[in-house]
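Asker: First the structure, then my questions, so here it is.
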Amino acid sequence: MDTRYIFVTGGVTSSLGKGILASSLAKLLQARGYSVTIQKLDPYINVDPGTLNPYEHGECFVTDDGAETDLDLGHYERFLNIPTSQANNITTGRIYQTVISKERRGDYLGKTVQIIPHITDEIKRRIKLLGSKGKYDIVITEIGGTVGDIESLPYIETVRQLKWELGNKALVIHLTLVPFLSASGELKTKPTQHSVKQLLENGVQPDVLVLRTEHHIDENIRAKVALFTNVAIEAVVQSIDVPSIYEVPLKMLEEKLDVTVLKKLDLPVTDTTDLGAWNEFLSRLKNPEHTVNIALVGKYVELRDAYKSIAEALIHAGAANNTKVNIKWVHSETINPSSLEKKLANMHGILVAPGFGNRGIQGKILATRFARENNIPFFGICLGMQIAVVEFARNVLGLEGADSTEMEPLTPHPVIDLMNQQKEVIDLGGTMRLGAFDCRLIARKSNVFNAYNTLTIRERHRHRYEFNNFYLHQFEKAGMKAVGVNPETDLVEIIEIPAHRWFVGVQFHPEYRSTVLNPHPLFVDFIKNALV
Ligand code: GLN
């Protein structure tokens, strides 16, 4: 069958949840037997978000093929349970980079290179690429930003062209906000009317409107919106606030968003919706039998989006254990010897987050020591594992001044050091050790083997520094073991302290692989052990 294309645009404000809407619709279409993927087009000039500070743009998500991407790709994977790739996240920077290199090669010889058609053609090519392999029945493309932004214009123009070209094989869903004025007790539709007008000015008629709201939107309001926007009333749907993002697919099912979309795309509306496993997850999520408190120690905790995948992986693992996970967000810069005990009191587990650079390092080291000495389950991820190594070197091996050369290039004991292949690197964009690599588990008698129950695993990475194998023997003798290594390079991927209840540090990022239907085994085991 011909691939169908769905575009999701946003109006009125940013942060309305286009990614969650796209993921929820994709989930419903998948549940009806369609193969679906989602792509995000980001209107900024960076080639990818890899060099962006998390304060700017939240977490940087990493795919199997080593793309550093927008965090919405994490939602796509968590909802759909299928991996995404480089092709699923395109930025304006990447589009321009391609067009400008082609221009330098002489591909456009004799022509003036312009936004229309050259930039829009390249956007179109990248959208269609996902559909061209015959792998997907439906490609959903989320356009980042808000309609009316200067940056989004070439994308909206591309949507206009594609709608014209593809006819009923393409449709546009516009997500807007219907604010509630508490003073007058009214829901207001004017911002939505204006936002649709803006789209119309750019030549795009939306086919479906999704209205984000805090209160139920009745038939009268829907009729009014439909009248002003040339959208059929059954295609005006509400997206009411819910406690968990994982409930949004069910809300969209109630609104028959999937049925409306399939009809408009001329696709059969299969009558079974397979959401069994999803519903089971939701029921465990909503009816927990236990509670655990997990401290998430990081330096970006003011912005929760900086640790999106970790927070979601904890939710998945909690549900798998019928447990509500209370995350206590602990700012590593606020941890010092006198605040330590208070900050970490009543915690059943301590997770030290990934990160870069010196800020907040001392607090992370103190939290790690506290977990080690008090036999509290500890999970160190990427920088978190490196911190565990530094802490052990200083306080157990007695290697004074031991450090990562990222923090202290002149340390006498570089227990964490720059990887050899990183020493030549000059450009900072896209040059870390990125993407999925194999890891061999060494011992069957380890917490990680218990969790994975297999000897070869594959996990995603994003780092430049590694465990310095020169010190391995000393660590192992003193009770910190390398229990997972890369089979080709012997790079230490996982450390454990067998004498401790559950003390695991991983050089990779397990959180990127956790999905609703496949909660990550390490997170599940961490929560299980925190519960004991
Ligand atoms: N800064 C460390 C490194 O580059 C850890 C990176 C991370 O936590 N993702 O190796």
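Numbering starts fresh at 1 for the residues of each chain in the structure tokens, the chains themselves are lettered A, B, ... in the order given, and ligands are numbered from 1 as they appear.
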Pick out the residues no farther than 8 Å from ligand 1, counting only C-alpha atoms and all ligand atoms, and list them as a PyMOL selection string.

Answerer: chain A and resi 353-357+381-384+386+406+418+432+461-466+507-509

Asker: Which residues are close to A:Ala277, i.e. within 9 Å by only C-alpha atoms, leaving aside same-chain residues fewer than 3 positions away? Reply as a VMD selection string.

Answerer: chain A and resid 274 280 to 282 516 to 517

Asker: Looking at A:Ser244, A:Ser101, A:Asn202, A:Asn336, which one is nearest to A:Val159, with distances taken over only C-alpha atoms?

Answerer: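 Among the listed residues, the smallest separation from A:Val159 belongs to A:Asn202.
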
Asker: From the set A:Val210, A:Leu41, A:Leu227, A:Ile6, which residue has the shortest atom-to-atom contact distance to A:Leu162, counting only C-alpha atoms?

Answerer: A:Ile6

Asker: Counting only C-alpha atoms, what is within 8 Å of stretch 195-201 of chain A, bar same-chain residues fewer than 6 positions away, as a PDB file with N, CA and C atoms, in the first residue's frame?

Answerer:
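Written out: out.pdb:
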```
ATOM      1  N   GLY A  11      -0.198  25.133  17.660  1.00  0.00           N
ATOM      2  CA  GLY A  11      -0.518  26.556  17.652  1.00  0.00           C
ATOM      3  C   GLY A  11      -0.758  27.074  19.060  1.00  0.00           C
ATOM      4  N   VAL A  12      -0.849  28.387  19.173  1.00  0.00           N
ATOM      5  CA  VAL A  12      -1.163  29.128  20.412  1.00  0.00           C
ATOM      6  C   VAL A  12       0.041  29.186  21.366  1.00  0.00           C
ATOM      7  N   VAL A 147       3.121  27.373  15.047  1.00  0.00           N
ATOM      8  CA  VAL A 147       2.766  28.003  13.777  1.00  0.00           C
ATOM      9  C   VAL A 147       2.836  29.525  13.944  1.00  0.00           C
ATOM     10  N   GLY A 148       3.480  30.178  12.991  1.00  0.00           N
ATOM     11  CA  GLY A 148       3.672  31.631  13.101  1.00  0.00           C
ATOM     12  C   GLY A 148       5.135  31.957  13.370  1.00  0.00           C
ATOM     13  N   HIS A 174      -3.757  19.726  13.726  1.00  0.00           N
ATOM     14  CA  HIS A 174      -3.255  20.932  14.379  1.00  0.00           C
ATOM     15  C   HIS A 174      -3.662  20.874  15.855  1.00  0.00           C
ATOM     16  N   THR A 176      -3.963  22.726  19.397  1.00  0.00           N
ATOM     17  CA  THR A 176      -3.991  24.080  19.964  1.00  0.00           C
ATOM     18  C   THR A 176      -4.456  24.021  21.421  1.00  0.00           C
ATOM     19  N   THR A 229     -13.313  27.155  11.344  1.00  0.00           N
ATOM     20  CA  THR A 229     -12.036  26.637  10.845  1.00  0.00           C
ATOM     21  C   THR A 229     -12.151  25.707   9.631  1.00  0.00           C
TER      22      THR A 229
END
```

Asker: Assign secondary structure with DSSP using the backbone only, and return the residues of stretch 472-530 of chain A in helix (DSSP H, G or I) as a PyMOL selection string.

Answerer: chain A and resi 472-478+510-513+521-530

Asker: Using C-alpha atoms, can you export the residues from the last selection as a compact mmCIF listing (two decimals), in the first residue's frame?

Answerer:
```txt
# COMPACT_ATOMS: atom_id res chain seq x y z
CA LEU A 472 41.41 -2.68 37.21
CA HIS A 473 43.34 -5.22 39.26
CA GLN A 474 43.47 -2.89 42.28
CA PHE A 475 39.75 -2.24 42.13
CA GLU A 476 38.87 -5.92 41.81
CA LYS A 477 41.09 -6.90 44.70
CA ALA A 478 39.39 -4.32 46.91
CA PRO A 510 19.98 1.94 29.89
CA GLU A 511 17.22 4.54 30.22
CA TYR A 512 17.08 5.06 26.44
CA ARG A 513 15.89 1.50 25.93
CA PRO A 521 15.78 -5.02 33.31
CA LEU A 522 18.33 -2.96 35.27
CA PHE A 523 15.76 -0.38 36.32
CA VAL A 524 13.32 -3.17 37.22
CA ASP A 525 15.99 -4.88 39.33
CA PHE A 526 17.05 -1.61 40.95
CA ILE A 527 13.48 -0.92 42.10
CA LYS A 528 13.00 -4.55 43.15
CA ASN A 529 16.07 -4.31 45.38
CA ALA A 530 15.14 -0.88 46.68
```

Asker: Could you tell me how far atom CA of A:Val261 sits from atom CA of A:Glu165, in Å to one decimal place?

Answerer: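 If I compute the distance from atom CA of A:Glu165 to atom CA of A:Val261, I get 18.4 Å.
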
Asker: With the cut-off set at 9 Å and counting only C-alpha atoms, tabulate each residue of stretch 362-479 of chain A with an atom at most that distance from an atom of stretch 67-81 of chain A, showing the nearest atom pair and its distance in Å to one decimal, ordered by chain and increasing number, as a tab-separated table.

Answerer:
```
residue	atom	partner	partner_atom	distance
A:Gly430	CA	A:Glu68	CA	7.3
A:Leu434	CA	A:Ala67	CA	7.3
A:Gly435	CA	A:Ala67	CA	7.0
A:Arg462	CA	A:Glu68	CA	8.7
```
